Amino acid sequence: MEKNFAQCFSTNTGAQVLKHLRSITIERYLGPNATEAQLRSLEAQRALVHQILNLVERGKNANKP
């Protein structure tokens with residue numbers, strides 16, 4: 001599966017998608033008035049994006065000798 005993720009996101013389009021996902025999750029910050037539900041939702045989204053990034057990285061490394 002890792003190789004599939006690496007192949008999917010290794011294109012220019014895939015890189016743009018990852019950039020967008022990072023900007024709306026990992027690089028997003030909620031203000032001090034954020035509710036617990038908002039914080040939990042954002043953390044779940046961040047976890048998913050991190051999982052995708054990890055799969056991409058492992059897929060890239062699987063292709064190395």
# chains A, B, ... in the order shown; residues from 1 in each chain; ligands from 1

$ residues_around --residues "Gln45 of chain A" --least-positions-apart "3" --cutoff "12 Å" --atoms "only C-alpha atoms" --output "PyMOL selection string"
chain A and resi 21-28+38-42+48-52

$ write_last_selection --atoms "all heavy atoms" --output "compact mmCIF listing (two decimals), in the first residue's frame"
# COMPACT_ATOMS: atom_id res chain seq x y z
N LEU A 21 -3.75 19.78 1.73
CA LEU A 21 -4.15 19.06 2.94
C LEU A 21 -3.36 19.55 4.16
O LEU A 21 -3.92 19.71 5.25
CB LEU A 21 -3.96 17.55 2.75
CG LEU A 21 -4.94 16.87 1.80
CD1 LEU A 21 -4.54 15.42 1.59
CD2 LEU A 21 -6.36 16.98 2.31
N ARG A 22 -2.05 19.78 3.97
CA ARG A 22 -1.23 20.30 5.07
C ARG A 22 -1.72 21.69 5.51
O ARG A 22 -1.80 21.98 6.70
CB ARG A 22 0.24 20.40 4.65
CG ARG A 22 0.94 19.07 4.54
CD ARG A 22 2.39 19.25 4.12
NE ARG A 22 3.15 19.97 5.12
CZ ARG A 22 3.72 19.41 6.18
NH1 ARG A 22 3.65 18.12 6.35
NH2 ARG A 22 4.37 20.14 7.05
N SER A 23 -2.06 22.52 4.53
CA SER A 23 -2.46 23.90 4.86
C SER A 23 -3.78 23.95 5.62
O SER A 23 -3.97 24.85 6.44
CB SER A 23 -2.54 24.76 3.60
OG SER A 23 -3.67 24.43 2.83
N ILE A 24 -4.68 23.01 5.35
CA ILE A 24 -5.98 23.06 6.03
C ILE A 24 -6.03 22.20 7.29
O ILE A 24 -7.05 22.19 7.99
CB ILE A 24 -7.14 22.67 5.08
CG1 ILE A 24 -7.02 21.23 4.61
CG2 ILE A 24 -7.21 23.64 3.91
CD1 ILE A 24 -8.23 20.73 3.83
N THR A 25 -4.92 21.51 7.58
CA THR A 25 -4.91 20.68 8.79
C THR A 25 -3.69 20.98 9.66
O THR A 25 -3.81 21.65 10.67
CB THR A 25 -4.94 19.18 8.43
OG1 THR A 25 -3.81 18.86 7.61
CG2 THR A 25 -6.22 18.81 7.72
N ILE A 26 -2.54 20.51 9.24
CA ILE A 26 -1.33 20.61 10.05
C ILE A 26 -0.93 22.05 10.32
O ILE A 26 -0.54 22.40 11.43
CB ILE A 26 -0.18 19.83 9.38
CG1 ILE A 26 -0.54 18.34 9.32
CG2 ILE A 26 1.14 20.05 10.12
CD1 ILE A 26 0.38 17.51 8.46
N GLU A 27 -1.06 22.91 9.32
CA GLU A 27 -0.65 24.31 9.46
C GLU A 27 -1.77 25.22 9.96
O GLU A 27 -1.58 26.42 10.07
CB GLU A 27 -0.10 24.80 8.12
CG GLU A 27 1.13 24.03 7.69
CD GLU A 27 1.54 24.28 6.26
OE1 GLU A 27 0.85 25.05 5.56
OE2 GLU A 27 2.54 23.68 5.82
N ARG A 28 -2.92 24.65 10.24
CA ARG A 28 -4.07 25.43 10.70
C ARG A 28 -4.07 25.51 12.23
O ARG A 28 -3.80 24.53 12.91
CB ARG A 28 -5.36 24.77 10.23
CG ARG A 28 -6.60 25.51 10.63
CD ARG A 28 -7.82 24.82 10.07
NE ARG A 28 -9.02 25.46 10.60
CZ ARG A 28 -10.17 24.86 10.73
NH1 ARG A 28 -10.31 23.61 10.35
NH2 ARG A 28 -11.19 25.49 11.22
N GLN A 38 -14.23 21.14 18.20
CA GLN A 38 -13.43 21.66 17.09
C GLN A 38 -11.98 21.19 17.19
O GLN A 38 -11.37 20.82 16.18
CB GLN A 38 -13.48 23.19 17.06
CG GLN A 38 -14.82 23.75 16.65
CD GLN A 38 -14.89 25.26 16.85
OE1 GLN A 38 -14.40 25.80 17.85
NE2 GLN A 38 -15.50 25.94 15.89
N LEU A 39 -11.43 21.22 18.40
CA LEU A 39 -10.06 20.77 18.60
C LEU A 39 -9.91 19.28 18.28
O LEU A 39 -8.96 18.87 17.60
CB LEU A 39 -9.62 21.03 20.04
CG LEU A 39 -9.43 22.49 20.42
CD1 LEU A 39 -9.24 22.62 21.93
CD2 LEU A 39 -8.26 23.09 19.67
N ARG A 40 -10.85 18.49 18.74
CA ARG A 40 -10.80 17.05 18.47
C ARG A 40 -10.92 16.76 16.98
O ARG A 40 -10.21 15.91 16.44
CB ARG A 40 -11.91 16.32 19.24
CG ARG A 40 -11.65 16.24 20.73
CD ARG A 40 -12.81 15.50 21.43
NE ARG A 40 -12.63 15.50 22.85
CZ ARG A 40 -11.95 14.57 23.52
NH1 ARG A 40 -11.39 13.57 22.86
NH2 ARG A 40 -11.84 14.63 24.82
N SER A 41 -11.80 17.46 16.31
CA SER A 41 -11.98 17.27 14.88
C SER A 41 -10.71 17.61 14.12
O SER A 41 -10.27 16.85 13.24
CB SER A 41 -13.15 18.12 14.38
OG SER A 41 -13.28 18.01 12.99
N LEU A 42 -10.11 18.74 14.43
CA LEU A 42 -8.88 19.15 13.75
C LEU A 42 -7.75 18.16 14.03
O LEU A 42 -6.99 17.81 13.13
CB LEU A 42 -8.47 20.56 14.16
CG LEU A 42 -7.23 21.12 13.47
CD1 LEU A 42 -7.38 21.10 11.95
CD2 LEU A 42 -6.95 22.54 13.97
N LEU A 48 -4.89 12.01 10.24
CA LEU A 48 -5.08 11.38 8.94
C LEU A 48 -4.06 11.88 7.92
O LEU A 48 -3.46 11.08 7.18
CB LEU A 48 -6.50 11.63 8.43
CG LEU A 48 -6.83 11.01 7.07
CD1 LEU A 48 -6.63 9.50 7.08
CD2 LEU A 48 -8.25 11.37 6.68
N VAL A 49 -3.81 13.17 7.90
CA VAL A 49 -2.82 13.72 6.97
C VAL A 49 -1.43 13.21 7.31
O VAL A 49 -0.65 12.84 6.42
CB VAL A 49 -2.87 15.26 6.93
CG1 VAL A 49 -1.73 15.84 6.10
CG2 VAL A 49 -4.21 15.73 6.38
N HIS A 50 -1.11 13.11 8.59
CA HIS A 50 0.18 12.55 8.99
C HIS A 50 0.30 11.10 8.54
O HIS A 50 1.37 10.66 8.10
CB HIS A 50 0.38 12.64 10.50
CG HIS A 50 0.87 13.98 10.96
ND1 HIS A 50 2.12 14.48 10.65
CD2 HIS A 50 0.28 14.92 11.71
CE1 HIS A 50 2.27 15.67 11.20
NE2 HIS A 50 1.15 15.97 11.84
N GLN A 51 -0.78 10.35 8.65
CA GLN A 51 -0.77 8.96 8.20
C GLN A 51 -0.49 8.89 6.70
O GLN A 51 0.31 8.06 6.24
CB GLN A 51 -2.10 8.28 8.52
CG GLN A 51 -2.19 6.84 8.10
CD GLN A 51 -1.25 5.93 8.86
OE1 GLN A 51 -0.81 6.23 9.95
NE2 GLN A 51 -0.94 4.79 8.28
N ILE A 52 -1.13 9.74 5.92
CA ILE A 52 -0.89 9.78 4.47
C ILE A 52 0.57 10.11 4.19
O ILE A 52 1.23 9.46 3.38
CB ILE A 52 -1.83 10.79 3.78
CG1 ILE A 52 -3.28 10.30 3.86
CG2 ILE A 52 -1.40 11.04 2.34
CD1 ILE A 52 -4.31 11.34 3.44

$ atom_distance --atom1 "atom CA of Gly59 of chain A" --atom2 "atom CA of Ser10 of chain A"
10.1 Å

$ select_by_dssp --residues "chain A" --states "helix (DSSP H, G or I)" --output "PyMOL selection string"
chain A and resi 2-9+12-24+36-62

$ write_last_selection --atoms "C-alpha atoms" --output "PDB file, in the first residue's frame"
ATOM      1  CA  GLU A   2       2.886   2.360   0.763  1.00  0.00           C
ATOM      2  CA  LYS A   3       4.101   2.163  -2.840  1.00  0.00           C
ATOM      3  CA  ASN A   4       0.611   3.042  -4.054  1.00  0.00           C
ATOM      4  CA  PHE A   5       0.540   6.161  -1.878  1.00  0.00           C
ATOM      5  CA  ALA A   6       4.027   7.154  -3.028  1.00  0.00           C
ATOM      6  CA  GLN A   7       3.068   6.725  -6.668  1.00  0.00           C
ATOM      7  CA  CYS A   8      -0.213   8.607  -6.248  1.00  0.00           C
ATOM      8  CA  PHE A   9       1.334  11.607  -4.515  1.00  0.00           C
ATOM      9  CA  ASN A  12       2.889  17.385  -9.447  1.00  0.00           C
ATOM     10  CA  THR A  13      -0.869  17.138  -8.898  1.00  0.00           C
ATOM     11  CA  GLY A  14      -0.378  14.831  -5.927  1.00  0.00           C
ATOM     12  CA  ALA A  15       2.144  17.213  -4.395  1.00  0.00           C
ATOM     13  CA  GLN A  16      -0.353  20.063  -4.750  1.00  0.00           C
ATOM     14  CA  VAL A  17      -3.024  17.965  -3.030  1.00  0.00           C
ATOM     15  CA  LEU A  18      -0.666  17.200  -0.134  1.00  0.00           C
ATOM     16  CA  LYS A  19       0.246  20.876   0.126  1.00  0.00           C
ATOM     17  CA  HIS A  20      -3.439  21.769   0.357  1.00  0.00           C
ATOM     18  CA  LEU A  21      -4.146  19.063   2.941  1.00  0.00           C
ATOM     19  CA  ARG A  22      -1.230  20.304   5.065  1.00  0.00           C
ATOM     20  CA  SER A  23      -2.462  23.898   4.857  1.00  0.00           C
ATOM     21  CA  ILE A  24      -5.981  23.062   6.028  1.00  0.00           C
ATOM     22  CA  GLU A  36     -13.354  20.884  22.482  1.00  0.00           C
ATOM     23  CA  ALA A  37     -15.251  19.385  19.543  1.00  0.00           C
ATOM     24  CA  GLN A  38     -13.431  21.664  17.087  1.00  0.00           C
ATOM     25  CA  LEU A  39     -10.057  20.768  18.599  1.00  0.00           C
ATOM     26  CA  ARG A  40     -10.799  17.045  18.470  1.00  0.00           C
ATOM     27  CA  SER A  41     -11.983  17.269  14.877  1.00  0.00           C
ATOM     28  CA  LEU A  42      -8.885  19.146  13.753  1.00  0.00           C
ATOM     29  CA  GLU A  43      -6.589  16.717  15.580  1.00  0.00           C
ATOM     30  CA  ALA A  44      -8.302  13.777  13.858  1.00  0.00           C
ATOM     31  CA  GLN A  45      -7.821  15.480  10.490  1.00  0.00           C
ATOM     32  CA  ARG A  46      -4.168  16.142  11.294  1.00  0.00           C
ATOM     33  CA  ALA A  47      -3.677  12.516  12.275  1.00  0.00           C
ATOM     34  CA  LEU A  48      -5.084  11.381   8.938  1.00  0.00           C
ATOM     35  CA  VAL A  49      -2.819  13.721   6.965  1.00  0.00           C
ATOM     36  CA  HIS A  50       0.183  12.552   8.989  1.00  0.00           C
ATOM     37  CA  GLN A  51      -0.770   8.957   8.195  1.00  0.00           C
ATOM     38  CA  ILE A  52      -0.890   9.778   4.475  1.00  0.00           C
ATOM     39  CA  LEU A  53       2.485  11.535   4.651  1.00  0.00           C
ATOM     40  CA  ASN A  54       4.008   8.566   6.486  1.00  0.00           C
ATOM     41  CA  LEU A  55       2.671   6.115   3.901  1.00  0.00           C
ATOM     42  CA  VAL A  56       4.073   8.257   1.081  1.00  0.00           C
ATOM     43  CA  GLU A  57       7.479   8.415   2.753  1.00  0.00           C
ATOM     44  CA  ARG A  58       7.596   4.680   3.448  1.00  0.00           C
ATOM     45  CA  GLY A  59       6.588   4.025  -0.149  1.00  0.00           C
ATOM     46  CA  LYS A  60       9.389   6.205  -1.453  1.00  0.00           C
ATOM     47  CA  ASN A  61      11.898   4.475   0.799  1.00  0.00           C
ATOM     48  CA  ALA A  62      10.662   1.038  -0.306  1.00  0.00           C
TER      49      ALA A  62
END

$ decode --residues "segment 48-62 of chain A" --atoms "all heavy atoms" --output "short mmCIF file (atom, residue, chain, number, x, y, z; two decimals), in the first residue's frame"
data_model
loop_
_atom_site.label_atom_id
_atom_site.label_comp_id
_atom_site.auth_asym_id
_atom_site.auth_seq_id
_atom_site.Cartn_x
_atom_site.Cartn_y
_atom_site.Cartn_z
N LEU A 48 -4.89 12.01 10.24
CA LEU A 48 -5.08 11.38 8.94
C LEU A 48 -4.06 11.88 7.92
O LEU A 48 -3.46 11.08 7.18
CB LEU A 48 -6.50 11.63 8.43
CG LEU A 48 -6.83 11.01 7.07
CD1 LEU A 48 -6.63 9.50 7.08
CD2 LEU A 48 -8.25 11.37 6.68
N VAL A 49 -3.81 13.17 7.90
CA VAL A 49 -2.82 13.72 6.97
C VAL A 49 -1.43 13.21 7.31
O VAL A 49 -0.65 12.84 6.42
CB VAL A 49 -2.87 15.26 6.93
CG1 VAL A 49 -1.73 15.84 6.10
CG2 VAL A 49 -4.21 15.73 6.38
N HIS A 50 -1.11 13.11 8.59
CA HIS A 50 0.18 12.55 8.99
C HIS A 50 0.30 11.10 8.54
O HIS A 50 1.37 10.66 8.10
CB HIS A 50 0.38 12.64 10.50
CG HIS A 50 0.87 13.98 10.96
ND1 HIS A 50 2.12 14.48 10.65
CD2 HIS A 50 0.28 14.92 11.71
CE1 HIS A 50 2.27 15.67 11.20
NE2 HIS A 50 1.15 15.97 11.84
N GLN A 51 -0.78 10.35 8.65
CA GLN A 51 -0.77 8.96 8.20
C GLN A 51 -0.49 8.89 6.70
O GLN A 51 0.31 8.06 6.24
CB GLN A 51 -2.10 8.28 8.52
CG GLN A 51 -2.19 6.84 8.10
CD GLN A 51 -1.25 5.93 8.86
OE1 GLN A 51 -0.81 6.23 9.95
NE2 GLN A 51 -0.94 4.79 8.28
N ILE A 52 -1.13 9.74 5.92
CA ILE A 52 -0.89 9.78 4.47
C ILE A 52 0.57 10.11 4.19
O ILE A 52 1.23 9.46 3.38
CB ILE A 52 -1.83 10.79 3.78
CG1 ILE A 52 -3.28 10.30 3.86
CG2 ILE A 52 -1.40 11.04 2.34
CD1 ILE A 52 -4.31 11.34 3.44
N LEU A 53 1.09 11.13 4.86
CA LEU A 53 2.48 11.53 4.65
C LEU A 53 3.45 10.40 5.01
O LEU A 53 4.44 10.18 4.31
CB LEU A 53 2.80 12.79 5.46
CG LEU A 53 2.08 14.07 5.02
CD1 LEU A 53 2.29 15.18 6.05
CD2 LEU A 53 2.55 14.50 3.64
N ASN A 54 3.16 9.69 6.08
CA ASN A 54 4.01 8.57 6.49
C ASN A 54 3.97 7.44 5.45
O ASN A 54 5.00 6.84 5.14
CB ASN A 54 3.59 8.03 7.86
CG ASN A 54 3.99 8.95 8.98
OD1 ASN A 54 4.94 9.73 8.85
ND2 ASN A 54 3.27 8.90 10.09
N LEU A 55 2.79 7.15 4.93
CA LEU A 55 2.67 6.12 3.90
C LEU A 55 3.44 6.51 2.64
O LEU A 55 4.11 5.68 2.02
CB LEU A 55 1.20 5.86 3.57
CG LEU A 55 0.42 5.08 4.63
CD1 LEU A 55 -1.08 5.18 4.37
CD2 LEU A 55 0.86 3.62 4.66
N VAL A 56 3.34 7.77 2.25
CA VAL A 56 4.07 8.26 1.08
C VAL A 56 5.57 8.09 1.31
O VAL A 56 6.30 7.58 0.44
CB VAL A 56 3.72 9.73 0.77
CG1 VAL A 56 4.68 10.32 -0.25
CG2 VAL A 56 2.28 9.85 0.31
N GLU A 57 6.05 8.50 2.46
CA GLU A 57 7.48 8.42 2.75
C GLU A 57 7.96 6.97 2.78
O GLU A 57 9.02 6.65 2.23
CB GLU A 57 7.79 9.11 4.09
CG GLU A 57 9.24 9.35 4.32
CD GLU A 57 9.91 10.23 3.27
OE1 GLU A 57 9.25 11.13 2.73
OE2 GLU A 57 11.09 10.00 2.97
N ARG A 58 7.20 6.10 3.41
CA ARG A 58 7.60 4.68 3.45
C ARG A 58 7.58 4.08 2.04
O ARG A 58 8.42 3.25 1.72
CB ARG A 58 6.67 3.90 4.38
CG ARG A 58 6.90 4.25 5.84
CD ARG A 58 6.34 3.24 6.81
NE ARG A 58 5.04 2.69 6.50
CZ ARG A 58 3.94 2.86 7.21
NH1 ARG A 58 3.97 3.60 8.32
NH2 ARG A 58 2.81 2.30 6.87
N GLY A 59 6.64 4.50 1.23
CA GLY A 59 6.59 4.02 -0.15
C GLY A 59 7.78 4.47 -0.97
O GLY A 59 8.32 3.71 -1.77
N LYS A 60 8.20 5.70 -0.75
CA LYS A 60 9.39 6.20 -1.45
C LYS A 60 10.63 5.44 -1.02
O LYS A 60 11.48 5.10 -1.83
CB LYS A 60 9.58 7.69 -1.18
CG LYS A 60 8.58 8.58 -1.87
CD LYS A 60 8.84 10.03 -1.51
CE LYS A 60 7.84 10.96 -2.14
NZ LYS A 60 8.05 12.36 -1.72
N ASN A 61 10.74 5.18 0.27
CA ASN A 61 11.90 4.48 0.80
C ASN A 61 11.91 3.01 0.39
O ASN A 61 12.96 2.40 0.30
CB ASN A 61 11.96 4.59 2.32
CG ASN A 61 12.28 6.00 2.76
OD1 ASN A 61 12.93 6.76 2.05
ND2 ASN A 61 11.84 6.37 3.94
N ALA A 62 10.74 2.44 0.12
CA ALA A 62 10.66 1.04 -0.31
C ALA A 62 11.27 0.85 -1.69
O ALA A 62 11.69 -0.25 -2.04
CB ALA A 62 9.21 0.57 -0.30
#
